[in-house]
>>> print(open('target.cif').read())   # mmCIF, C-alpha atoms
data_data
#
loop_
_atom_site.group_PDB
_atom_site.id
_atom_site.type_symbol
_atom_site.label_atom_id
_atom_site.label_comp_id
_atom_site.auth_asym_id
_atom_site.auth_seq_id
_atom_site.Cartn_x
_atom_site.Cartn_y
_atom_site.Cartn_z
ATOM 1 C CA MET A 623 15.271 -32.940 -25.747
ATOM 2 C CA ASN A 624 13.680 -31.511 -22.633
ATOM 3 C CA LYS A 625 13.536 -27.902 -21.744
ATOM 4 C CA VAL A 626 15.679 -27.544 -18.611
ATOM 5 C CA PHE A 627 15.609 -23.783 -18.314
ATOM 6 C CA SER A 628 13.017 -21.327 -19.521
ATOM 7 C CA ARG A 629 11.386 -18.068 -18.551
ATOM 8 C CA PRO A 630 9.231 -18.565 -15.416
ATOM 9 C CA LYS A 631 5.479 -18.289 -15.912
ATOM 10 C CA SER A 632 5.178 -15.606 -13.239
ATOM 11 C CA LEU A 633 7.269 -13.266 -15.390
ATOM 12 C CA VAL A 634 5.436 -11.443 -18.190
ATOM 13 C CA ASP A 635 7.049 -12.021 -21.586
ATOM 14 C CA ILE A 636 8.196 -8.450 -22.225
ATOM 15 C CA PRO A 637 11.768 -7.104 -22.237
ATOM 16 C CA PHE A 638 13.021 -5.542 -18.986
ATOM 17 C CA THR A 639 13.632 -1.798 -18.900
ATOM 18 C CA TYR A 640 16.901 -2.206 -16.974
ATOM 19 C CA CYS A 641 20.371 -1.307 -18.251
ATOM 20 C CA PRO A 642 22.589 -4.073 -19.689
ATOM 21 C CA GLY A 643 24.149 -6.167 -16.923
ATOM 22 C CA CYS A 644 21.889 -4.844 -14.134
ATOM 23 C CA HIS A 645 21.093 -7.525 -11.576
ATOM 24 C CA HIS A 646 17.429 -6.506 -11.185
ATOM 25 C CA GLY A 647 16.498 -8.926 -13.974
ATOM 26 C CA ILE A 648 18.128 -11.881 -12.206
ATOM 27 C CA ILE A 649 16.343 -11.013 -8.956
ATOM 28 C CA HIS A 650 12.998 -10.723 -10.784
ATOM 29 C CA ARG A 651 13.556 -14.146 -12.313
ATOM 30 C CA LEU A 652 14.449 -15.757 -8.982
ATOM 31 C CA ILE A 653 11.298 -14.376 -7.317
ATOM 32 C CA ALA A 654 9.145 -15.469 -10.284
ATOM 33 C CA GLU A 655 10.646 -18.976 -10.144
ATOM 34 C CA VAL A 656 9.862 -19.216 -6.434
ATOM 35 C CA LEU A 657 6.250 -18.089 -7.076
ATOM 36 C CA ASP A 658 6.000 -20.798 -9.773
ATOM 37 C CA GLU A 659 7.519 -23.498 -7.574
ATOM 38 C CA PHE A 660 5.209 -22.798 -4.643
ATOM 39 C CA ASN A 661 2.309 -22.339 -7.091
ATOM 40 C CA ILE A 662 1.268 -19.129 -5.297
ATOM 41 C CA ARG A 663 1.149 -16.736 -8.254
ATOM 42 C CA GLU A 664 -2.648 -16.357 -8.038
ATOM 43 C CA ASP A 665 -2.464 -15.586 -4.298
ATOM 44 C CA THR A 666 0.484 -13.229 -4.359
ATOM 45 C CA ILE A 667 0.382 -9.450 -4.059
ATOM 46 C CA GLY A 668 3.641 -7.641 -4.741
ATOM 47 C CA ILE A 669 4.566 -4.089 -3.800
ATOM 48 C CA ALA A 670 6.749 -2.267 -6.309
ATOM 49 C CA PRO A 671 9.026 0.479 -4.982
ATOM 50 C CA VAL A 672 10.074 3.825 -6.362
ATOM 51 C CA GLY A 673 13.357 3.564 -8.233
ATOM 52 C CA CYS A 674 14.577 1.701 -11.295
ATOM 53 C CA SER A 675 12.414 -1.264 -10.336
ATOM 54 C CA VAL A 676 9.244 0.858 -10.204
ATOM 55 C CA PHE A 677 8.158 -1.009 -13.340
ATOM 56 C CA ALA A 678 8.235 -4.305 -11.440
ATOM 57 C CA TYR A 679 4.435 -4.140 -11.644
ATOM 58 C CA LEU A 680 4.704 -4.637 -15.409
ATOM 59 C CA PHE A 681 7.036 -7.603 -15.164
ATOM 60 C CA PHE A 682 5.487 -9.821 -12.485
ATOM 61 C CA ASP A 683 2.370 -11.687 -13.566
ATOM 62 C CA CYS A 684 0.721 -11.382 -10.151
ATOM 63 C CA ASP A 685 -1.240 -8.588 -8.488
ATOM 64 C CA MET A 686 1.023 -5.598 -7.953
ATOM 65 C CA ILE A 687 0.746 -2.227 -6.247
ATOM 66 C CA CYS A 688 3.238 0.630 -6.420
ATOM 67 C CA ALA A 689 3.794 2.297 -3.038
ATOM 68 C CA ALA A 690 5.081 5.798 -2.362
ATOM 69 C CA HIS A 691 8.845 6.040 -1.957
ATOM 70 C CA GLY A 692 9.957 3.868 0.980
ATOM 71 C CA ARG A 693 6.419 3.077 2.139
ATOM 72 C CA ALA A 694 6.226 -0.436 0.697
ATOM 73 C CA PRO A 695 6.407 -2.176 4.138
ATOM 74 C CA ALA A 696 3.520 0.013 5.378
ATOM 75 C CA THR A 697 1.427 -0.843 2.297
ATOM 76 C CA ALA A 698 2.378 -4.506 2.665
ATOM 77 C CA THR A 699 1.325 -4.423 6.326
ATOM 78 C CA GLY A 700 -2.113 -3.131 5.377
ATOM 79 C CA ILE A 701 -2.620 -5.709 2.644
ATOM 80 C CA LYS A 702 -1.382 -8.618 4.744
ATOM 81 C CA ARG A 703 -3.563 -7.667 7.722
ATOM 82 C CA ALA A 704 -6.641 -7.217 5.530
ATOM 83 C CA LYS A 705 -5.981 -10.380 3.515
ATOM 84 C CA PRO A 706 -3.929 -12.704 5.732
ATOM 85 C CA ASP A 707 -4.311 -15.668 3.356
ATOM 86 C CA ASN A 708 -2.506 -13.887 0.542
ATOM 87 C CA ILE A 709 1.242 -13.890 0.107
ATOM 88 C CA VAL A 710 2.627 -10.347 0.218
ATOM 89 C CA PHE A 711 6.106 -9.336 -0.799
ATOM 90 C CA SER A 712 7.750 -5.968 -1.251
ATOM 91 C CA TYR A 713 10.616 -5.323 -3.625
ATOM 92 C CA GLN A 714 12.747 -2.370 -2.580
ATOM 93 C CA GLY A 715 16.023 -0.745 -3.449
ATOM 94 C CA ASP A 716 18.526 0.753 -1.050
ATOM 95 C CA GLY A 717 17.465 4.370 -1.598
ATOM 96 C CA ASP A 718 13.906 3.246 -0.955
ATOM 97 C CA LEU A 719 14.395 0.916 2.017
ATOM 98 C CA ALA A 720 17.543 2.220 3.723
ATOM 99 C CA SER A 721 16.961 5.942 3.280
ATOM 100 C CA ILE A 722 13.450 7.359 3.000
ATOM 101 C CA GLY A 723 11.784 4.145 4.170
ATOM 102 C CA THR A 724 13.995 3.367 7.192
ATOM 103 C CA ALA A 725 11.209 4.007 9.696
ATOM 104 C CA GLU A 726 8.741 1.812 7.810
ATOM 105 C CA ILE A 727 11.082 -1.157 7.448
ATOM 106 C CA ILE A 728 12.297 -1.074 11.051
ATOM 107 C CA HIS A 729 8.797 -0.911 12.480
ATOM 108 C CA ALA A 730 7.351 -3.492 10.077
ATOM 109 C CA ALA A 731 10.187 -5.830 11.087
ATOM 110 C CA ASN A 732 9.734 -5.008 14.762
ATOM 111 C CA ARG A 733 6.012 -5.704 14.615
ATOM 112 C CA GLY A 734 6.850 -9.038 13.011
ATOM 113 C CA GLU A 735 4.552 -8.446 10.041
ATOM 114 C CA LYS A 736 4.193 -11.685 8.100
ATOM 115 C CA ILE A 737 5.567 -10.266 4.860
ATOM 116 C CA THR A 738 8.619 -10.951 2.703
ATOM 117 C CA VAL A 739 10.922 -8.095 1.752
ATOM 118 C CA ILE A 740 13.405 -8.330 -1.102
ATOM 119 C CA PHE A 741 15.986 -5.601 -0.553
ATOM 120 C CA VAL A 742 18.198 -4.787 -3.542
ATOM 121 C CA ASN A 743 21.398 -3.080 -2.400
ATOM 122 C CA ASN A 744 23.476 -1.565 -5.183
ATOM 123 C CA ALA A 745 25.133 1.127 -3.026
ATOM 124 C CA ILE A 746 23.819 4.001 -5.131
ATOM 125 C CA TYR A 747 20.623 5.740 -6.262
ATOM 126 C CA GLY A 748 20.071 4.265 -9.706
ATOM 127 C CA MET A 749 17.066 5.886 -11.342
ATOM 128 C CA THR A 750 17.780 9.453 -10.237
ATOM 129 C CA GLY A 751 21.249 9.417 -11.755
ATOM 130 C CA GLY A 752 23.766 7.943 -9.332
ATOM 131 C CA GLN A 753 23.598 10.008 -6.141
ATOM 132 C CA MET A 754 25.060 8.830 -2.833
ATOM 133 C CA ALA A 755 22.849 6.412 -0.885
ATOM 134 C CA PRO A 756 23.116 5.471 2.817
ATOM 135 C CA THR A 757 24.647 2.197 1.621
ATOM 136 C CA THR A 758 27.326 3.856 -0.557
ATOM 137 C CA LEU A 759 30.746 2.562 0.503
ATOM 138 C CA GLU A 760 33.384 4.761 2.113
ATOM 139 C CA GLY A 761 35.441 6.452 -0.590
ATOM 140 C CA GLN A 762 32.979 5.533 -3.338
ATOM 141 C CA ILE A 763 32.586 8.259 -5.938
ATOM 142 C CA THR A 764 29.021 9.241 -6.836
ATOM 143 C CA GLN A 765 27.354 12.329 -8.312
ATOM 144 C CA THR A 766 26.893 13.840 -4.844
ATOM 145 C CA SER A 767 30.201 12.605 -3.396
ATOM 146 C CA PRO A 768 32.613 13.484 -6.232
ATOM 147 C CA TYR A 769 35.653 13.147 -3.935
ATOM 148 C CA GLY A 770 34.439 9.854 -2.492
ATOM 149 C CA ARG A 771 32.199 9.281 0.515
ATOM 150 C CA ASP A 772 33.888 10.849 3.529
ATOM 151 C CA SER A 773 32.928 9.049 6.732
ATOM 152 C CA LYS A 774 33.769 12.130 8.836
ATOM 153 C CA THR A 775 30.860 14.101 7.442
ATOM 154 C CA MET A 776 28.674 11.458 5.805
ATOM 155 C CA GLY A 777 28.952 8.573 8.237
ATOM 156 C CA MET A 778 29.514 4.954 7.369
ATOM 157 C CA PRO A 779 27.301 2.797 5.107
ATOM 158 C CA ILE A 780 24.297 1.248 6.875
ATOM 159 C CA ARG A 781 24.250 -2.534 7.148
ATOM 160 C CA MET A 782 20.496 -3.146 7.154
ATOM 161 C CA CYS A 783 20.643 -6.928 7.775
ATOM 162 C CA GLU A 784 22.793 -6.509 10.882
ATOM 163 C CA LEU A 785 20.647 -3.618 12.092
ATOM 164 C CA LEU A 786 17.361 -5.504 11.666
ATOM 165 C CA SER A 787 18.722 -8.732 13.116
ATOM 166 C CA THR A 788 19.161 -7.010 16.486
ATOM 167 C CA LEU A 789 15.358 -6.989 16.734
ATOM 168 C CA ASN A 790 13.684 -9.966 18.366
ATOM 169 C CA THR A 791 10.708 -10.400 16.060
ATOM 170 C CA PRO A 792 12.021 -10.932 12.489
ATOM 171 C CA SER A 793 12.080 -14.602 11.519
ATOM 172 C CA TYR A 794 14.484 -14.745 8.646
ATOM 173 C CA ILE A 795 17.164 -12.272 7.534
ATOM 174 C CA SER A 796 19.775 -13.152 4.958
ATOM 175 C CA ARG A 797 22.220 -11.451 2.593
ATOM 176 C CA VAL A 798 23.117 -12.884 -0.815
ATOM 177 C CA ALA A 799 24.946 -11.818 -3.995
ATOM 178 C CA LEU A 800 24.604 -12.730 -7.678
ATOM 179 C CA THR A 801 28.062 -12.359 -9.175
ATOM 180 C CA LYS A 802 28.609 -16.060 -9.873
ATOM 181 C CA PRO A 803 26.352 -19.059 -10.574
ATOM 182 C CA SER A 804 27.076 -20.531 -7.117
ATOM 183 C CA TYR A 805 25.912 -17.295 -5.480
ATOM 184 C CA ILE A 806 22.799 -17.248 -7.686
ATOM 185 C CA ILE A 807 21.858 -20.774 -6.533
ATOM 186 C CA LYS A 808 22.314 -19.697 -2.900
ATOM 187 C CA ALA A 809 20.274 -16.540 -3.519
ATOM 188 C CA LYS A 810 17.405 -18.578 -4.898
ATOM 189 C CA LYS A 811 17.483 -20.833 -1.824
ATOM 190 C CA ALA A 812 17.384 -17.788 0.457
ATOM 191 C CA ILE A 813 14.440 -16.211 -1.415
ATOM 192 C CA LYS A 814 12.602 -19.535 -1.344
ATOM 193 C CA LYS A 815 13.187 -19.846 2.374
ATOM 194 C CA ALA A 816 11.936 -16.295 2.949
ATOM 195 C CA PHE A 817 8.680 -17.107 1.132
ATOM 196 C CA GLN A 818 8.427 -20.425 3.006
ATOM 197 C CA PHE A 819 8.553 -18.520 6.306
ATOM 198 C CA GLN A 820 5.630 -16.391 5.168
ATOM 199 C CA ILE A 821 3.635 -19.371 3.830
ATOM 200 C CA ASP A 822 4.112 -21.069 7.202
ATOM 201 C CA GLY A 823 2.882 -17.879 8.921
ATOM 202 C CA LYS A 824 6.100 -17.540 10.873
ATOM 203 C CA GLY A 825 6.731 -13.823 10.542
ATOM 204 C CA PHE A 826 8.868 -11.170 8.919
ATOM 205 C CA SER A 827 11.463 -12.297 6.377
ATOM 206 C CA LEU A 828 13.983 -10.189 4.472
ATOM 207 C CA VAL A 829 16.576 -11.068 1.848
ATOM 208 C CA GLU A 830 19.165 -8.446 0.977
ATOM 209 C CA VAL A 831 20.589 -8.947 -2.509
ATOM 210 C CA LEU A 832 23.871 -7.219 -3.335
ATOM 211 C CA SER A 833 23.428 -5.940 -6.862
ATOM 212 C CA THR A 834 25.461 -4.031 -9.420
ATOM 213 C CA CYS A 835 24.661 -0.740 -11.121
ATOM 214 C CA PRO A 836 27.131 -0.717 -14.035
ATOM 215 C CA THR A 837 25.736 2.519 -15.511
ATOM 216 C CA ASN A 838 26.039 4.658 -12.388
ATOM 217 C CA TRP A 839 29.197 2.995 -11.111
ATOM 218 C CA GLY A 840 30.741 3.854 -14.512
ATOM 219 C CA LEU A 841 31.931 0.292 -15.084
ATOM 220 C CA SER A 842 31.259 -2.462 -17.604
ATOM 221 C CA PRO A 843 28.977 -5.269 -16.335
ATOM 222 C CA GLN A 844 32.030 -7.518 -15.878
ATOM 223 C CA GLU A 845 34.003 -4.840 -14.007
ATOM 224 C CA ALA A 846 30.926 -4.103 -11.891
ATOM 225 C CA ASN A 847 30.730 -7.763 -10.821
ATOM 226 C CA GLU A 848 34.419 -7.702 -9.922
ATOM 227 C CA TRP A 849 34.006 -4.417 -8.043
ATOM 228 C CA LEU A 850 31.128 -5.909 -6.049
ATOM 229 C CA ASP A 851 33.160 -8.999 -5.140
ATOM 230 C CA LYS A 852 36.183 -6.925 -4.142
ATOM 231 C CA ASN A 853 34.558 -4.038 -2.299
ATOM 232 C CA MET A 854 30.993 -4.773 -1.285
ATOM 233 C CA ILE A 855 31.194 -8.368 -0.022
ATOM 234 C CA PRO A 856 33.974 -7.589 2.532
ATOM 235 C CA TYR A 857 31.820 -4.777 3.997
ATOM 236 C CA TYR A 858 28.480 -6.508 3.543
ATOM 237 C CA PRO A 859 29.252 -10.144 4.474
ATOM 238 C CA LEU A 860 26.992 -12.783 2.941
ATOM 239 C CA GLY A 861 25.037 -15.261 4.996
ATOM 240 C CA GLU A 862 22.058 -15.755 7.255
ATOM 241 C CA PHE A 863 21.731 -13.259 10.081
ATOM 242 C CA LYS A 864 18.574 -14.595 11.570
ATOM 243 C CA ASN A 865 16.755 -17.882 11.167
ATOM 244 C CA SER A 866 14.136 -18.507 13.815
ATOM 245 C CA GLU A 867 13.958 -22.197 12.829
ATOM 246 C CA GLU A 868 17.471 -22.765 14.071
ATOM 247 C CA VAL A 869 16.916 -20.957 17.361
ATOM 248 C CA SER A 870 13.779 -22.812 18.363
ATOM 249 C CA MET B 1281 23.447 -33.274 -26.584
ATOM 250 C CA ALA B 1282 22.374 -29.940 -25.209
ATOM 251 C CA LYS B 1283 21.188 -26.782 -26.853
ATOM 252 C CA VAL B 1284 20.748 -23.128 -25.898
ATOM 253 C CA VAL B 1285 18.238 -20.851 -27.603
ATOM 254 C CA ILE B 1286 19.082 -17.165 -27.391
ATOM 255 C CA ASP B 1287 16.397 -14.523 -27.862
ATOM 256 C CA ARG B 1288 18.395 -12.027 -29.950
ATOM 257 C CA GLU B 1289 15.918 -9.219 -29.410
ATOM 258 C CA LYS B 1290 15.900 -9.533 -25.614
ATOM 259 C CA CYS B 1291 19.707 -9.679 -25.334
ATOM 260 C CA LYS B 1292 21.336 -6.395 -24.308
ATOM 261 C CA GLY B 1293 24.894 -7.544 -24.931
ATOM 262 C CA CYS B 1294 26.078 -7.304 -21.307
ATOM 263 C CA GLU B 1295 28.453 -10.253 -21.890
ATOM 264 C CA LEU B 1296 27.850 -11.744 -18.418
ATOM 265 C CA CYS B 1297 26.916 -15.152 -19.913
ATOM 266 C CA THR B 1298 30.149 -15.295 -21.924
ATOM 267 C CA LEU B 1299 32.103 -15.027 -18.658
ATOM 268 C CA VAL B 1300 30.413 -17.931 -16.879
ATOM 269 C CA CYS B 1301 30.284 -20.420 -19.786
ATOM 270 C CA PRO B 1302 32.658 -23.255 -18.787
ATOM 271 C CA GLN B 1303 33.150 -24.224 -22.456
ATOM 272 C CA ASN B 1304 33.715 -20.639 -23.677
ATOM 273 C CA ILE B 1305 31.346 -21.136 -26.573
ATOM 274 C CA LEU B 1306 29.312 -17.944 -26.163
ATOM 275 C CA VAL B 1307 30.628 -14.932 -28.080
ATOM 276 C CA MET B 1308 29.253 -11.540 -29.016
ATOM 277 C CA SER B 1309 27.765 -11.338 -32.491
ATOM 278 C CA LYS B 1310 29.106 -8.786 -34.964
ATOM 279 C CA SER B 1311 25.583 -7.993 -36.107
ATOM 280 C CA PHE B 1312 23.136 -5.724 -34.306
ATOM 281 C CA ASN B 1313 19.676 -6.431 -32.949
ATOM 282 C CA LYS B 1314 16.751 -4.002 -33.144
ATOM 283 C CA LYS B 1315 17.910 -2.204 -29.987
ATOM 284 C CA SER B 1316 21.404 -1.750 -31.530
ATOM 285 C CA TYR B 1317 23.113 -4.117 -29.127
ATOM 286 C CA HIS B 1318 25.458 -6.875 -30.249
ATOM 287 C CA PRO B 1319 23.584 -9.954 -29.047
ATOM 288 C CA VAL B 1320 25.361 -13.055 -27.834
ATOM 289 C CA GLU B 1321 25.599 -16.131 -30.058
ATOM 290 C CA GLN B 1322 26.851 -19.663 -29.672
ATOM 291 C CA ILE B 1323 29.821 -21.135 -31.524
ATOM 292 C CA ASN B 1324 30.586 -24.878 -31.551
ATOM 293 C CA PRO B 1325 27.124 -25.897 -30.284
ATOM 294 C CA GLU B 1326 28.224 -29.540 -30.027
ATOM 295 C CA LYS B 1327 30.406 -28.574 -27.039
ATOM 296 C CA CYS B 1328 27.442 -27.315 -24.978
ATOM 297 C CA THR B 1329 26.863 -29.396 -21.843
ATOM 298 C CA GLY B 1330 23.540 -27.802 -20.858
ATOM 299 C CA CYS B 1331 24.823 -26.591 -17.481
ATOM 300 C CA ALA B 1332 22.500 -23.538 -17.792
ATOM 301 C CA PHE B 1333 25.005 -21.187 -16.111
ATOM 302 C CA CYS B 1334 24.464 -18.735 -18.993
ATOM 303 C CA ALA B 1335 20.685 -18.768 -18.535
ATOM 304 C CA MET B 1336 21.047 -18.428 -14.759
ATOM 305 C CA THR B 1337 23.293 -15.377 -15.152
ATOM 306 C CA CYS B 1338 21.327 -13.666 -17.937
ATOM 307 C CA PRO B 1339 19.734 -10.520 -16.427
ATOM 308 C CA ASP B 1340 17.233 -10.364 -19.287
ATOM 309 C CA VAL B 1341 16.098 -14.002 -19.155
ATOM 310 C CA ALA B 1342 16.898 -14.246 -22.876
ATOM 311 C CA ILE B 1343 18.320 -17.795 -22.833
ATOM 312 C CA GLU B 1344 16.480 -21.114 -22.846
ATOM 313 C CA VAL B 1345 18.303 -24.392 -22.314
ATOM 314 C CA TYR B 1346 17.366 -27.812 -23.701
ATOM 315 C CA LYS B 1347 19.032 -31.069 -22.698
#
>>> encode(input="target.cif", output="structure tokens")
Amino acid sequence: MNKVFSRPKSLVDIPFTYCPGCHHGIIHRLIAEVLDEFNIREDTIGIAPVGCSVFAYLFFDCDMICAAHGRAPATATGIKRAKPDNIVFSYQGDGDLASIGTAEIIHAANRGEKITVIFVNNAIYGMTGGQMAPTTLEGQITQTSPYGRDSKTMGMPIRMCELLSTLNTPSYISRVALTKPSYIIKAKKAIKKAFQFQIDGKGFSLVEVLSTCPTNWGLSPQEANEWLDKNMIPYYPLGEFKNSEEVS
Amino acid sequence: MAKVVIDREKCKGCELCTLVCPQNILVMSKSFNKKSYHPVEQINPEKCTGCAFCAMTCPDVAIEVYK
């Protein structure tokens, strides 16, 4: 009997600190598998964000730094420019990347920094207790929008992939989800491609992963998956938004 | 013949694996683990095809698959 599935070597063998059913663990595993498959664990430097996944530096068995809230692309820029032979990725949530770190991500993408960004969009602030994020859907109830997000006063949710794909310099921008095995396989392919772009020195790559937050959405993990399929995917369509290989 | 090995202590009982198993042979245990979750367990192991959907879906990477 051969082992066909086991914990990737780039993931430290300790339990995750995430809530039951949270998709962070799946995303961690996919990144770790890609690091294993490219055999780049020793050369990789990851940037952990502020948020639930702040402890990402405990879970990945590669060099990790924790940046100030939203500043991961700026830190990644510095590391990549100082050590261009290393592989640099940042792991950021939606409160981190789409709110406080909007300036950093837009300018890092616009400069075409040769980094990979994994953007976890769960439409809410997780760690701080479920406040409204820029990516919160219209009508979604959160701690700071108890009557639902009202687009008249709070605007509409930001679609980061679409926004960043209007820039000329990013090489690869894609949005994936994890609610079924077929989506998980596609997500792994997208993350692998994003790292391949960086290994080839092609430029900025970003993968947005639609994720659930069962605790703050007030749903069971199963209901959260269904809610994501029903509400988030229609507003945040899946697919590749930019792939410089296809253009050239 | 395929086999899944579930790490009872890592499982947080989110039930996501039970939903994707095509053979419906993953169920929640009645017993508790050290974190007071009901971990998942396998019934009718001879039916397992080793598709690894459960392991792929597990957010806590608590499942290993042998084939």
>>> closest_residue(input="target.cif", among="B:Cys1291, B:Leu1306, B:Val1345, B:Val1320", to="chain A", atoms="all atoms listed in the file")
B:Val1345
>>> resolve_selection(input="target.cif", expression="the PyMOL selection byres ((chain A and resi 645) around 7)", output="compact mmCIF listing (two decimals) with C-alpha atoms, keeping the file's coordinate frame")
# COMPACT_ATOMS: atom_id res chain seq x y z
CA GLY A 643 24.15 -6.17 -16.92
CA CYS A 644 21.89 -4.84 -14.13
CA HIS A 646 17.43 -6.51 -11.18
CA GLY A 647 16.50 -8.93 -13.97
CA ILE A 648 18.13 -11.88 -12.21
CA ILE A 649 16.34 -11.01 -8.96
CA SER A 833 23.43 -5.94 -6.86
CA THR A 834 25.46 -4.03 -9.42
CA PRO B 1339 19.73 -10.52 -16.43
>>> residues_around(input="target.cif", residues="segment 748-756 of chain A", least_positions_apart="2", cutoff="8 Å", atoms="all atoms listed in the file", output="ChimeraX atom specification")
/A:673-674,716-717,720-721,745-746,758,764-767,771,778-780,835,838-839
>>> closest_residue(input="target.cif", among="A:Asn708, A:Ser842, A:Thr697, A:Ser628", to="Arg663 of chain A", atoms="all atoms listed in the file")
A:Asn708
>>> resolve_selection(input="target.cif", expression="the PyMOL selection byres ((chain B) within 12 of (chain A))", output="ChimeraX atom specification")
/B:1281-1302,1315,1317-1319,1329-1347
>>> atom_distance(input="target.cif", atom1="atom CA of Phe826 of chain A", atom2="atom CA of Val634 of chain A")
27.3 Å
>>> resolve_selection(input="target.cif", expression="the PyMOL selection byres ((chain A and resi 787-790) around 10)", output="list in words")
Ile728, His729, Ala731, Asn732, Arg733, Gly734, Met782, Cys783, Glu784, Leu785, Leu786, Thr791, Pro792, Ser793, Tyr794, Ile795, Ser796, Leu828, Glu862, Phe863, Lys864, Asn865 and Ser866 of chain A
>>> atom_distance(input="target.cif", atom1="atom CA of Val676 of chain A", atom2="atom CA of Ser712 of chain A")
11.4 Å
>>> closest_residue(input="target.cif", among="A:Ile662, A:Leu759, A:Ile653, A:Ala696", to="Ile740 of chain A", atoms="only C-alpha atoms")
A:Ile653
>>> decode(input="target.cif", residues="segment 1293-1307 of chain B", atoms="N, CA and C atoms", output="short mmCIF file (atom, residue, chain, number, x, y, z; two decimals), in the first residue's frame")
data_model
loop_
_atom_site.label_atom_id
_atom_site.label_comp_id
_atom_site.auth_asym_id
_atom_site.auth_seq_id
_atom_site.Cartn_x
_atom_site.Cartn_y
_atom_site.Cartn_z
N GLY B 1293 -13.81 18.24 13.84
CA GLY B 1293 -15.21 17.88 13.68
C GLY B 1293 -16.02 18.82 12.81
N CYS B 1294 -15.41 19.40 11.76
CA CYS B 1294 -16.14 20.35 10.92
C CYS B 1294 -17.09 19.64 9.95
N GLU B 1295 -16.92 18.35 9.77
CA GLU B 1295 -17.80 17.51 8.95
C GLU B 1295 -17.66 17.74 7.46
N LEU B 1296 -16.71 18.57 7.00
CA LEU B 1296 -16.60 18.83 5.56
C LEU B 1296 -16.25 17.56 4.79
N CYS B 1297 -15.40 16.69 5.38
CA CYS B 1297 -15.01 15.46 4.67
C CYS B 1297 -16.20 14.52 4.49
N THR B 1298 -17.12 14.52 5.48
CA THR B 1298 -18.26 13.60 5.37
C THR B 1298 -19.15 13.99 4.18
N LEU B 1299 -19.11 15.27 3.80
CA LEU B 1299 -19.98 15.75 2.72
C LEU B 1299 -19.42 15.41 1.35
N VAL B 1300 -18.10 15.28 1.23
CA VAL B 1300 -17.52 15.04 -0.09
C VAL B 1300 -17.24 13.56 -0.35
N CYS B 1301 -17.35 12.70 0.67
CA CYS B 1301 -17.03 11.28 0.47
C CYS B 1301 -18.05 10.65 -0.47
N PRO B 1302 -17.63 10.15 -1.64
CA PRO B 1302 -18.60 9.59 -2.59
C PRO B 1302 -19.24 8.30 -2.08
N GLN B 1303 -18.58 7.62 -1.14
CA GLN B 1303 -19.12 6.36 -0.62
C GLN B 1303 -19.91 6.56 0.68
N ASN B 1304 -19.93 7.78 1.19
CA ASN B 1304 -20.60 8.08 2.47
C ASN B 1304 -20.17 7.16 3.60
N ILE B 1305 -18.87 6.95 3.73
CA ILE B 1305 -18.41 6.06 4.78
C ILE B 1305 -17.66 6.81 5.89
N LEU B 1306 -17.74 8.15 5.87
CA LEU B 1306 -17.15 8.92 6.96
C LEU B 1306 -18.29 9.46 7.83
N VAL B 1307 -18.23 9.18 9.12
CA VAL B 1307 -19.28 9.66 10.03
C VAL B 1307 -18.60 10.28 11.25
#
